[in-house]
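What follows is the content of upload-v4.txt (compact mmCIF, C-alpha atoms and all ligand atoms).
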# COMPACT_ATOMS: atom_id res chain seq x y z
CA MET A 18 85.18 17.87 24.93
CA ASP A 19 84.27 15.05 22.57
CA PRO A 20 83.50 12.00 24.75
CA PHE A 21 85.68 9.68 22.67
CA LEU A 22 88.59 12.10 22.84
CA ARG A 23 88.17 12.34 26.61
CA TYR A 24 88.08 8.54 26.86
CA ALA A 25 91.23 8.15 24.74
CA ARG A 26 93.09 10.76 26.81
CA GLN A 27 92.02 9.07 30.05
CA HIS A 28 93.34 5.76 28.72
CA GLN A 29 96.48 7.06 27.04
CA LYS A 30 98.82 5.38 29.55
CA GLU A 31 97.21 2.01 28.85
CA ILE A 32 97.36 2.62 25.10
CA ILE A 33 101.08 3.32 25.39
CA ALA A 34 101.61 0.27 27.63
CA LEU A 35 99.91 -2.05 25.11
CA THR A 36 101.84 -0.47 22.24
CA ARG A 37 105.01 -1.24 24.16
CA GLU A 38 103.97 -4.88 24.63
CA PHE A 39 103.18 -5.22 20.92
CA VAL A 40 106.47 -3.64 19.81
CA GLU A 41 108.47 -5.75 22.26
CA CYS A 42 106.90 -8.90 20.78
CA GLU A 43 109.07 -8.96 17.65
CA SER A 44 107.33 -10.43 14.60
CA PRO A 45 109.25 -10.40 11.31
CA SER A 46 107.36 -11.62 8.24
CA ASP A 47 109.80 -14.49 7.72
CA ASN A 48 109.38 -15.95 11.22
CA PRO A 49 106.00 -17.74 11.51
CA LYS A 50 106.58 -18.67 15.16
CA ALA A 51 107.25 -15.07 16.13
CA VAL A 52 104.19 -13.88 14.22
CA ALA A 53 102.12 -16.58 15.98
CA ARG A 54 103.35 -15.26 19.35
CA MET A 55 102.20 -11.78 18.34
CA VAL A 56 98.76 -13.13 17.43
CA ASP A 57 98.58 -14.99 20.76
CA LEU A 58 99.43 -11.77 22.60
CA MET A 59 96.68 -9.91 20.73
CA ARG A 60 94.21 -12.67 21.53
CA GLU A 61 95.16 -12.53 25.23
CA ARG A 62 94.86 -8.74 25.39
CA THR A 63 91.48 -8.57 23.63
CA LYS A 64 89.82 -11.41 25.58
CA ASP A 65 87.49 -8.90 27.24
CA ILE A 66 86.02 -7.65 23.98
CA ALA A 67 86.72 -9.88 20.96
CA ALA A 68 86.28 -13.44 19.73
CA VAL A 69 89.18 -14.69 17.63
CA SER A 70 89.39 -17.07 14.72
CA VAL A 71 92.70 -18.01 13.20
CA SER A 72 93.67 -19.43 9.83
CA ARG A 73 96.94 -21.29 10.15
CA GLY A 74 99.24 -19.86 7.50
CA THR A 75 101.43 -22.10 5.45
CA THR A 76 104.83 -20.50 4.93
CA TYR A 77 103.81 -17.48 6.96
CA GLY A 78 102.35 -17.09 10.42
CA PRO A 79 98.63 -17.31 11.21
CA ASN A 80 96.17 -14.75 9.86
CA ALA A 81 93.60 -13.80 12.49
CA ARG A 82 90.12 -12.28 12.72
CA PHE A 83 88.93 -10.45 15.84
CA THR A 84 85.16 -9.96 16.04
CA PHE A 85 84.20 -7.38 18.65
CA THR A 86 81.31 -7.51 21.09
CA LEU A 87 79.77 -4.04 20.96
CA PRO A 88 76.61 -2.32 22.22
CA GLY A 89 73.48 -2.16 20.04
CA LYS A 90 71.22 -5.10 19.27
CA LYS A 91 70.73 -5.96 15.61
CA LYS A 92 73.86 -5.99 13.51
CA ASP A 93 73.31 -5.08 9.91
CA GLY A 94 76.29 -5.62 7.60
CA GLN A 95 79.93 -5.43 8.56
CA ILE A 96 82.81 -3.00 9.00
CA LEU A 97 86.21 -4.51 8.29
CA ALA A 98 89.35 -3.10 9.86
CA LEU A 99 92.67 -4.29 8.40
CA GLY A 100 95.94 -4.68 10.26
CA HIS A 101 99.07 -6.76 9.96
CA SER A 102 101.03 -8.55 12.65
CA ASP A 103 104.29 -8.79 10.69
CA THR A 104 107.03 -6.17 10.52
CA VAL A 105 110.04 -5.66 8.26
CA TRP A 106 112.43 -5.86 11.22
CA PRO A 107 114.53 -9.02 11.81
CA MET A 108 114.54 -10.76 15.20
CA GLY A 109 116.92 -9.07 17.59
CA THR A 110 116.35 -5.53 16.29
CA LEU A 111 115.10 -4.54 19.75
CA ALA A 112 118.65 -4.87 21.12
CA ASN A 113 119.76 -1.84 19.11
CA MET A 114 116.39 -0.15 18.69
CA PRO A 115 114.55 -0.71 21.99
CA PHE A 116 111.04 0.57 22.62
CA ARG A 117 111.32 3.98 24.27
CA GLU A 118 109.36 7.12 24.93
CA SER A 119 111.29 10.34 24.41
CA LYS A 120 110.91 13.76 22.75
CA GLY A 121 107.15 13.39 22.63
CA ARG A 122 107.33 10.16 20.64
CA LEU A 123 107.24 6.40 20.99
CA TRP A 124 110.12 4.70 19.17
CA GLY A 125 110.77 1.10 18.20
CA PRO A 126 110.59 -1.47 15.40
CA GLY A 127 107.09 -1.69 13.95
CA VAL A 128 105.61 0.98 16.23
CA LEU A 129 104.35 3.04 13.27
CA ASP A 130 103.95 0.22 10.75
CA MET A 131 101.69 -0.80 12.31
CA LYS A 132 101.46 -2.02 15.86
CA ALA A 133 100.21 1.26 17.32
CA GLY A 134 97.41 1.41 14.73
CA MET A 135 96.04 -1.93 15.94
CA VAL A 136 96.28 -0.81 19.57
CA PHE A 137 94.32 2.35 18.71
CA PHE A 138 91.60 0.25 17.11
CA ILE A 139 91.30 -2.05 20.14
CA PHE A 140 90.93 0.97 22.44
CA ALA A 141 88.45 2.59 20.05
CA MET A 142 86.28 -0.52 20.40
CA ARG A 143 86.63 -0.37 24.19
CA ALA A 144 85.54 3.27 24.07
CA LEU A 145 82.36 2.30 22.19
CA ARG A 146 81.67 -0.44 24.73
CA ASP A 147 82.49 1.58 27.86
CA LEU A 148 80.55 4.65 26.66
CA ASP A 149 77.71 2.34 25.63
CA VAL A 150 77.43 3.73 22.11
CA PRO A 151 75.29 1.49 19.89
CA VAL A 152 77.04 0.16 16.81
CA ALA A 153 74.81 -0.87 13.92
CA ARG A 154 77.23 -3.20 12.20
CA LYS A 155 79.33 -6.21 13.03
CA VAL A 156 82.94 -5.07 13.48
CA MET A 157 85.83 -7.30 12.52
CA LEU A 158 89.58 -6.62 12.67
CA GLN A 159 91.55 -8.87 10.35
CA VAL A 160 95.25 -9.11 11.14
CA ASN A 161 97.37 -10.48 8.31
CA ALA A 162 100.71 -12.22 8.80
CA ASP A 163 102.38 -11.44 5.48
CA GLU A 164 101.48 -7.86 4.47
CA GLU A 165 105.09 -6.70 4.30
CA VAL A 166 105.95 -9.48 1.85
CA GLY A 167 103.00 -9.18 -0.54
CA SER A 168 100.05 -10.78 1.34
CA GLU A 169 100.18 -14.00 -0.66
CA SER A 170 98.67 -16.12 2.14
CA SER A 171 96.07 -13.58 3.29
CA ARG A 172 94.82 -11.95 0.10
CA GLU A 173 91.93 -14.32 -0.49
CA TRP A 174 90.78 -14.03 3.11
CA THR A 175 90.95 -10.24 2.93
CA GLU A 176 88.91 -10.18 -0.27
CA GLU A 177 86.34 -12.60 1.14
CA ALA A 178 85.85 -10.42 4.25
CA ALA A 179 85.74 -7.22 2.21
CA LYS A 180 82.96 -8.55 -0.02
CA GLN A 181 80.76 -8.83 3.08
CA SER A 182 81.62 -5.34 4.32
CA ALA A 183 80.09 -1.89 3.87
CA ALA A 184 83.45 -0.22 4.45
CA VAL A 185 87.09 -1.06 5.08
CA LEU A 186 89.27 0.88 7.53
CA VAL A 187 93.00 0.27 7.08
CA LEU A 188 95.18 0.87 10.14
CA GLU A 189 98.36 1.71 8.21
CA PRO A 190 100.11 4.93 9.30
CA GLY A 191 98.92 8.27 7.96
CA THR A 192 100.96 10.29 5.49
CA GLY A 193 103.48 12.80 6.83
CA MET A 194 103.65 14.42 10.24
CA THR A 195 100.04 15.60 10.06
CA GLY A 196 98.68 12.09 9.45
CA LYS A 197 96.83 12.59 6.18
CA LEU A 198 94.55 9.70 5.26
CA LYS A 199 95.28 7.72 2.09
CA THR A 200 92.49 7.78 -0.45
CA ALA A 201 94.49 6.52 -3.43
CA ARG A 202 97.33 4.06 -3.77
CA LYS A 203 99.08 3.03 -6.93
CA GLY A 204 98.94 -0.55 -8.12
CA VAL A 205 102.24 -2.29 -7.38
CA GLY A 206 104.04 -5.10 -9.11
CA ASP A 207 107.22 -6.34 -10.66
CA TYR A 208 108.53 -7.98 -13.76
CA VAL A 209 111.50 -10.29 -14.21
CA VAL A 210 113.02 -10.04 -17.68
CA THR A 211 115.56 -12.69 -18.66
CA VAL A 212 117.74 -12.50 -21.75
CA ARG A 213 119.46 -15.64 -22.97
CA GLY A 214 122.35 -15.24 -25.40
CA VAL A 215 125.18 -17.50 -26.50
CA ALA A 216 128.32 -18.01 -24.40
CA SER A 217 131.72 -18.02 -26.02
CA HIS A 218 135.38 -17.26 -25.27
CA ALA A 219 135.73 -13.48 -25.33
CA GLY A 220 139.18 -13.77 -26.93
CA VAL A 221 139.21 -16.93 -29.03
CA ASP A 222 135.62 -17.11 -30.22
CA PHE A 223 134.17 -13.60 -29.83
CA SER A 224 132.03 -13.53 -32.98
CA ASN A 225 130.20 -16.72 -32.12
CA GLY A 226 128.97 -15.27 -28.85
CA ALA A 227 125.72 -13.32 -28.40
CA ASN A 228 126.16 -11.14 -25.32
CA ALA A 229 123.12 -11.24 -23.06
CA ILE A 230 124.35 -8.26 -21.03
CA VAL A 231 124.67 -6.04 -24.10
CA GLU A 232 121.22 -7.15 -25.26
CA MET A 233 119.79 -6.41 -21.80
CA ALA A 234 121.37 -2.95 -21.80
CA ARG A 235 119.48 -2.13 -24.99
CA GLN A 236 116.24 -3.64 -23.62
CA LEU A 237 116.54 -1.62 -20.40
CA GLN A 238 116.61 1.64 -22.37
CA LYS A 239 113.33 0.58 -23.91
CA ILE A 240 111.83 -0.66 -20.61
CA ALA A 241 112.72 2.54 -18.73
CA GLY A 242 110.87 4.37 -21.51
CA PHE A 243 107.60 2.69 -20.45
CA THR A 244 107.46 5.24 -17.58
CA LYS A 245 104.69 7.84 -18.08
CA LEU A 246 105.28 10.41 -15.36
CA ASP A 247 102.30 12.55 -16.40
CA ARG A 248 100.04 9.55 -15.63
CA GLY A 249 101.98 8.51 -12.52
CA VAL A 250 103.16 5.28 -14.16
CA THR A 251 106.72 4.38 -13.15
CA VAL A 252 108.93 1.54 -14.37
CA SER A 253 112.12 1.15 -12.38
CA PRO A 254 114.78 -1.51 -12.99
CA GLY A 255 115.95 -2.36 -9.48
CA VAL A 256 118.26 -5.35 -9.85
CA VAL A 257 120.36 -6.52 -12.81
CA ARG A 258 122.46 -9.67 -12.80
CA GLY A 259 124.37 -11.25 -15.65
CA GLY A 260 127.47 -12.99 -16.82
CA THR A 261 129.95 -15.29 -15.13
CA ARG A 262 133.52 -14.07 -15.84
CA SER A 263 134.98 -11.12 -17.69
CA ASN A 264 136.52 -13.34 -20.37
CA VAL A 265 133.26 -15.12 -21.18
CA VAL A 266 130.66 -13.57 -23.48
CA ALA A 267 127.65 -13.53 -21.17
CA ALA A 268 125.02 -16.20 -21.86
CA GLU A 269 122.41 -14.87 -19.48
CA CYS A 270 121.23 -11.63 -17.92
CA MET A 271 118.26 -11.00 -15.62
CA ALA A 272 116.58 -7.75 -14.61
CA HIS A 273 114.08 -7.26 -11.78
CA ILE A 274 111.83 -4.28 -12.48
CA ASP A 275 109.43 -2.44 -10.15
CA ILE A 276 106.18 -1.07 -11.63
CA ARG A 277 103.62 1.38 -10.18
CA ALA A 278 100.30 2.05 -11.88
CA PRO A 279 97.64 4.44 -10.50
CA ARG A 280 94.76 3.04 -12.60
CA ALA A 281 93.68 -0.38 -13.79
CA ARG A 282 94.13 0.69 -17.41
CA ASP A 283 97.77 1.61 -16.73
CA ALA A 284 98.40 -1.98 -15.66
CA ALA A 285 96.97 -3.18 -18.96
CA TYR A 286 99.26 -0.75 -20.82
CA LEU A 287 102.32 -2.11 -18.98
CA LYS A 288 101.33 -5.72 -19.63
CA LYS A 289 101.16 -5.00 -23.34
CA ALA A 290 104.40 -3.04 -23.32
CA PHE A 291 106.39 -5.79 -21.58
CA ALA A 292 104.87 -8.44 -23.86
CA SER A 293 106.09 -6.49 -26.89
CA LEU A 294 109.78 -6.80 -26.03
CA LYS A 295 111.73 -8.40 -28.90
CA PRO A 296 115.46 -9.10 -29.07
CA PHE A 297 117.62 -6.65 -31.07
CA ASP A 298 120.14 -9.44 -31.63
CA LYS A 299 118.17 -12.31 -33.17
CA ARG A 300 120.46 -14.88 -31.54
CA CYS A 301 119.16 -13.78 -28.13
CA SER A 302 115.81 -14.70 -26.60
CA ILE A 303 113.74 -12.85 -24.03
CA THR A 304 111.33 -14.16 -21.43
CA VAL A 305 109.08 -11.94 -19.33
CA GLU A 306 107.42 -12.98 -16.07
CA GLY A 307 105.43 -11.07 -13.47
CA GLY A 308 102.89 -8.29 -13.42
CA LEU A 309 100.81 -6.43 -10.88
CA ASN A 310 100.52 -8.04 -7.44
CA ARG A 311 98.46 -5.28 -5.82
CA PRO A 312 95.81 -3.58 -7.95
CA ALA A 313 95.45 0.19 -7.75
CA MET A 314 93.29 1.72 -5.02
CA GLU A 315 91.45 4.38 -6.98
CA ARG A 316 89.78 7.41 -5.42
CA SER A 317 86.26 6.22 -6.22
CA ALA A 318 82.99 7.91 -5.25
CA GLY A 319 82.68 5.48 -2.32
CA VAL A 320 86.17 6.35 -1.08
CA ARG A 321 85.44 10.08 -1.39
CA ARG A 322 82.18 9.69 0.54
CA LEU A 323 83.94 7.80 3.34
CA PHE A 324 86.67 10.43 3.54
CA GLY A 325 83.99 13.14 3.74
CA ILE A 326 82.49 11.42 6.80
CA ALA A 327 85.91 11.12 8.47
CA LYS A 328 86.77 14.75 7.75
CA LYS A 329 83.53 15.93 9.34
CA LEU A 330 84.01 13.74 12.42
CA ALA A 331 87.59 14.98 12.84
CA VAL A 332 86.33 18.54 13.29
CA ASP A 333 84.88 17.46 16.69
CA LEU A 334 88.42 16.40 17.62
CA GLY A 335 89.98 19.71 16.58
CA VAL A 336 91.70 18.08 13.60
CA ASP A 337 91.69 19.37 10.03
CA LEU A 338 91.90 15.97 8.33
CA GLU A 339 93.53 15.90 4.90
CA GLU A 340 93.86 13.19 2.27
CA SER A 341 96.80 12.01 0.18
CA SER A 342 97.77 9.52 -2.49
CA THR A 343 100.82 7.29 -2.40
CA GLY A 344 102.89 4.99 -4.58
CA GLY A 345 103.13 2.39 -1.81
CA GLY A 346 100.66 -0.49 -1.59
CA SER A 347 98.72 -2.02 1.33
CA ASP A 348 95.99 -4.61 1.82
CA GLY A 349 93.59 -1.71 1.16
CA ASN A 350 94.50 -2.03 -2.52
CA PHE A 351 92.73 -5.42 -2.66
CA THR A 352 89.55 -4.24 -0.97
CA ALA A 353 89.26 -0.97 -2.91
CA ALA A 354 89.77 -2.84 -6.19
CA LEU A 355 86.65 -4.88 -5.34
CA GLY A 356 84.69 -1.63 -5.18
CA VAL A 357 84.34 -1.65 -1.38
CA PRO A 358 84.77 1.89 0.03
CA THR A 359 88.20 1.85 1.70
CA LEU A 360 89.87 4.44 3.88
CA ASP A 361 93.57 3.92 4.51
CA GLY A 362 96.20 5.57 6.70
CA LEU A 363 93.95 5.64 9.79
CA GLY A 364 96.71 4.39 12.11
CA ALA A 365 99.36 6.32 13.97
CA VAL A 366 100.93 9.64 12.99
CA GLY A 367 104.71 9.63 12.78
CA GLU A 368 107.63 8.91 10.49
CA GLY A 369 110.32 6.40 9.63
CA ALA A 370 108.35 3.31 8.58
CA HIS A 371 110.94 0.62 7.69
CA ALA A 372 113.70 3.00 8.93
CA VAL A 373 115.75 3.40 12.12
CA ASN A 374 113.88 6.58 13.09
CA GLU A 375 110.52 4.75 13.15
CA SER A 376 108.40 6.63 15.70
CA ILE A 377 104.91 7.93 16.44
CA LEU A 378 103.69 11.20 17.95
CA VAL A 379 102.33 10.78 21.48
CA ASN A 380 100.11 13.87 21.18
CA ARG A 381 98.23 12.31 18.24
CA ILE A 382 97.39 9.03 20.01
CA ALA A 383 94.12 10.24 21.50
CA ASP A 384 92.58 11.91 18.44
CA ARG A 385 93.43 8.97 16.14
CA THR A 386 91.89 6.52 18.60
CA ALA A 387 88.80 8.71 18.96
CA LEU A 388 88.42 9.07 15.18
CA LEU A 389 88.34 5.28 14.76
CA ALA A 390 85.61 4.98 17.39
CA LYS A 391 83.57 7.77 15.82
CA LEU A 392 83.91 6.27 12.33
CA VAL A 393 82.74 2.85 13.46
CA ALA A 394 79.73 4.45 15.17
CA ALA A 395 78.92 6.59 12.12
CA ILE A 396 79.29 4.22 9.18
ZN ZN A 401 102.10 -1.60 7.11
Once you've parsed the file, please lay out its structure as structure tokens.
Ligand SMILES: [Zn+2]
Amino acid sequence: MDPFLRYARQHQKEIIALTREFVECESPSDNPKAVARMVDLMRERTKDIAAVSVSRGTTYGPNARFTFTLPGKKKDGQILALGHSDTVWPMGTLANMPFRESKGRLWGPGVLDMKAGMVFFIFAMRALRDLDVPVARKVMLQVNADEEVGSESSREWTEEAAKQSAAVLVLEPGTGMTGKLKTARKGVGDYVVTVRGVASHAGVDFSNGANAIVEMARQLQKIAGFTKLDRGVTVSPGVVRGGTRSNVVAAECMAHIDIRAPRARDAAYLKKAFASLKPFDKRCSITVEGGLNRPAMERSAGVRRLFGIAKKLAVDLGVDLEESSTGGGSDGNFTAALGVPTLDGLGAVGEGAHAVNESILVNRIADRTALLAKLVAAI
């Protein structure tokens, strides 16, 4: 049997125990103190193998970097692993959704996205140390506090670390119940379009009003038409708000629109398209704000090469590793956009991220942990 796989199986109980501790330390993005507690717990549990540096976040919790002490003398270049300490689940979720092991799975808030992935990485590093496998590069795990809310406070730090790295391994969950890796992610962003019209009494003074809702309805037809499904570009109005009372001609209407763009040039197309919006009713005005907040992670030659290495290593573990692309973003979007080979979806295998059935497969814990160790040794 592959030595890393044997190691991971021998330590599976401990991996599950640490996953439980991480899940039971609730850490919603909007609670900096809770996120700080999660980081403290990680620091405590990695004392044997990692040195930690922390950047105190502003509105969010602290972002943290764990640098591992691994066998092998000279360290040449760096491997960056990316995780996030925050989850989408509010404090108190555990009361209704406690951590549990049943039906061959671990369940609980944040178990898949992505506390188990970080636990796997920590044990992968312990495997390298305990099996005394030399690692050529410096290995750093960066744990961001605000990934689920757009990574505003951590983006610069992530990009700075990526620029010094030969490869980036993202510990987000794999795709589907087979745990496909993610080799492409769409760029993600949003636009806020505001129409300002002229208010008037809908009965007494109808003609002097310019209805912002009616104008927005016409604009939305146009905006929805920016979607290019054949290119994977989607434009989806998600929230519309306007007007005050039924007997007032609406003076204002706002639309919040989600955009997804697989390639950098698609983002440029959308920018131009949104900038071209002009009012149908000349008495109305339109303002457009927003754009892409995560650039596309394109399936570059470097990404393909990295996936090829992982696929080959997975054969030793009895896994036929597949790749996938997704419309969802991660911190891997930032690193891939800088041209640094990035492999995403290396965390746990399961389903229900951000949903009540969030869970991971127990029988995939060992091979995912082993794959991380083998990748770090091979890159
Ligand atoms: Zn995540």
From the list A:Val150, A:Leu309, A:Ala365, A:Val265, which residue is nearest Asn350 of chain A when using all atoms listed in the file?
->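 For Asn350 of chain A, the nearest of the given residues is A:Leu309.
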Do you know which residues are within 8 Å of ligand ZN 401 (chain A) using all atoms listed in the file? Can you write them as a list in words?
-> Gly100, His101, Thr104, Asp130, Met131, Glu164, Glu165, Leu188, Glu189, Pro190 and Ser347 of chain A
Neighbour list for Leu198 of chain A as a list in words, cut-off 7 Å, all atoms listed in the file, skip fewer than 2 positions in-chain |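 In the requested format, the answer is Gly191, Thr192, Gly196, Thr200, Glu339, Glu340, Ser341, Asp361, Gly362 and Leu363 of chain A.
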In Å, how far is it from atom CA of Tyr208 of chain A to atom CA of Glu306 of chain A?
->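 It comes out at 5.6 Å.
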Protein, DNA and RNA residues within 9 Å of (83.9, 3.3, 5.7), all atoms listed in the file, as a ChimeraX atom specification | /A:96-97,183-186,319-320,322-324,326-327,357-360,392-393,395-396
Saved selection, atoms kept: C-alpha atoms, as a short mmCIF file (atom, residue, chain, number, x, y, z; two decimals), in the frame of the given file:
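Contents of out.cif, freshly written:
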data_model
loop_
_atom_site.label_atom_id
_atom_site.label_comp_id
_atom_site.auth_asym_id
_atom_site.auth_seq_id
_atom_site.Cartn_x
_atom_site.Cartn_y
_atom_site.Cartn_z
CA ILE A 96 82.81 -3.00 9.00
CA LEU A 97 86.21 -4.51 8.29
CA ALA A 183 80.09 -1.89 3.87
CA ALA A 184 83.45 -0.22 4.45
CA VAL A 185 87.09 -1.06 5.08
CA LEU A 186 89.27 0.88 7.53
CA GLY A 319 82.68 5.48 -2.32
CA VAL A 320 86.17 6.35 -1.08
CA ARG A 322 82.18 9.69 0.54
CA LEU A 323 83.94 7.80 3.34
CA PHE A 324 86.67 10.43 3.54
CA ILE A 326 82.49 11.42 6.80
CA ALA A 327 85.91 11.12 8.47
CA VAL A 357 84.34 -1.65 -1.38
CA PRO A 358 84.77 1.89 0.03
CA THR A 359 88.20 1.85 1.70
CA LEU A 360 89.87 4.44 3.88
CA LEU A 392 83.91 6.27 12.33
CA VAL A 393 82.74 2.85 13.46
CA ALA A 395 78.92 6.59 12.12
CA ILE A 396 79.29 4.22 9.18
#
Which distance in Å separates atom CA of Val305 of chain A and atom CA of Asp247 of chain A, to one decimal?
-> 25.6 Å
Check the smallest atom-to-atom distance from each of A:Asp149, A:Leu158, A:Ala318, A:Arg262 to Val187 of chain A using all atoms listed in the file, then report the winner.
-> A:Leu158
With distances taken over only C-alpha atoms, which of A:Arg258, A:Arg73, A:Arg202, A:Lys180 is nearest to Ile274 of chain A?
->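 Of A:Arg258, A:Arg73, A:Arg202, A:Lys180, the one nearest Ile274 of chain A is A:Arg258, counting only C-alpha atoms.
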Closest to Ala394 of chain A among A:Met142, A:Ala201, A:Ala216, A:Ala234, using only C-alpha atoms?
->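 Residue with the minimum atom-to-atom distance to Ala394 of chain A: A:Met142.
When only C-alpha atoms are used to measure the gap to Phe83 of chain A, the shortest distance among A:Ser224, A:Ser102, A:Gln159, A:Ser46 belongs to A:Gln159.
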Pick the closest to His273 of chain A from A:Gln238, A:Ser217, A:Ser317, A:Ser253: which is it, counting only C-alpha atoms?
-> A:Ser253
Which residues come within 9 Å of His371 of chain A, counting all atoms listed in the file, excluding same-chain residues fewer than 6 positions away, as a list of chain:residue names?
->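 Everything that qualifies: A:Thr104, A:Val105, A:Trp106, A:Pro126, A:Gly127, A:Leu129, A:Asp130.
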Would you mind listing, for every residue of segment 106-194 of chain A within 6 Å of segment 373-385 of chain A, the two atoms forming the shortest contact and the distance between them in Å to one decimal, using all atoms listed in the file, sorted by chain and ascending residue number, as a tab-separated table?
residue	atom	partner	partner_atom	distance
A:Gly121	CA	A:Val379	CA	5.6
A:Arg122	CA	A:Leu378	CA	4.6
A:Leu123	CA	A:Ile377	CA	5.3
A:Trp124	CA	A:Ser376	CA	4.3
A:Leu129	CA	A:Ile377	CA	5.9
For the residues in the current selection, export C-alpha atoms as a PDB file, in the coordinates of the input.
ATOM      1  CA  GLY A 121     107.150  13.390  22.630  1.00  0.00           C
ATOM      2  CA  ARG A 122     107.330  10.160  20.640  1.00  0.00           C
ATOM      3  CA  LEU A 123     107.240   6.400  20.990  1.00  0.00           C
ATOM      4  CA  TRP A 124     110.120   4.700  19.170  1.00  0.00           C
ATOM      5  CA  LEU A 129     104.350   3.040  13.270  1.00  0.00           C
TER       6      LEU A 129
END
At what distance in Å, to one decimal, does atom CA of Asn80 of chain A lie from atom CA of Val56 of chain A?
->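 Going from atom CA of Val56 of chain A over to atom CA of Asn80 of chain A, I get 8.2 Å.
The neighbours of Pro254 of chain A here are the residues that come within 12 Å of it, using only C-alpha atoms and leaving out any residue fewer than 3 positions away in the same chain; they are Gly206, Asp207, Tyr208, Val209, Val210, Met233, Ala234, Gln236, Leu237, Gln238, Lys239, Ile240, Ala241, Gly242, Phe243, Thr244, Thr251, Val257, Arg258, Met271, Ala272, His273, Ile274, Asp275, Ile276 and Arg277 of chain A.
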Residues from last step as file, C-alpha atoms, as an mmCIF file, in the frame of the given file:
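out_29.cif written:
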data_model
loop_
_atom_site.group_PDB
_atom_site.id
_atom_site.type_symbol
_atom_site.label_atom_id
_atom_site.label_comp_id
_atom_site.auth_asym_id
_atom_site.auth_seq_id
_atom_site.Cartn_x
_atom_site.Cartn_y
_atom_site.Cartn_z
ATOM 1 C CA GLY A 206 104.040 -5.100 -9.110
ATOM 2 C CA ASP A 207 107.220 -6.340 -10.660
ATOM 3 C CA TYR A 208 108.530 -7.980 -13.760
ATOM 4 C CA VAL A 209 111.500 -10.290 -14.210
ATOM 5 C CA VAL A 210 113.020 -10.040 -17.680
ATOM 6 C CA MET A 233 119.790 -6.410 -21.800
ATOM 7 C CA ALA A 234 121.370 -2.950 -21.800
ATOM 8 C CA GLN A 236 116.240 -3.640 -23.620
ATOM 9 C CA LEU A 237 116.540 -1.620 -20.400
ATOM 10 C CA GLN A 238 116.610 1.640 -22.370
ATOM 11 C CA LYS A 239 113.330 0.580 -23.910
ATOM 12 C CA ILE A 240 111.830 -0.660 -20.610
ATOM 13 C CA ALA A 241 112.720 2.540 -18.730
ATOM 14 C CA GLY A 242 110.870 4.370 -21.510
ATOM 15 C CA PHE A 243 107.600 2.690 -20.450
ATOM 16 C CA THR A 244 107.460 5.240 -17.580
ATOM 17 C CA THR A 251 106.720 4.380 -13.150
ATOM 18 C CA VAL A 257 120.360 -6.520 -12.810
ATOM 19 C CA ARG A 258 122.460 -9.670 -12.800
ATOM 20 C CA MET A 271 118.260 -11.000 -15.620
ATOM 21 C CA ALA A 272 116.580 -7.750 -14.610
ATOM 22 C CA HIS A 273 114.080 -7.260 -11.780
ATOM 23 C CA ILE A 274 111.830 -4.280 -12.480
ATOM 24 C CA ASP A 275 109.430 -2.440 -10.150
ATOM 25 C CA ILE A 276 106.180 -1.070 -11.630
ATOM 26 C CA ARG A 277 103.620 1.380 -10.180
#
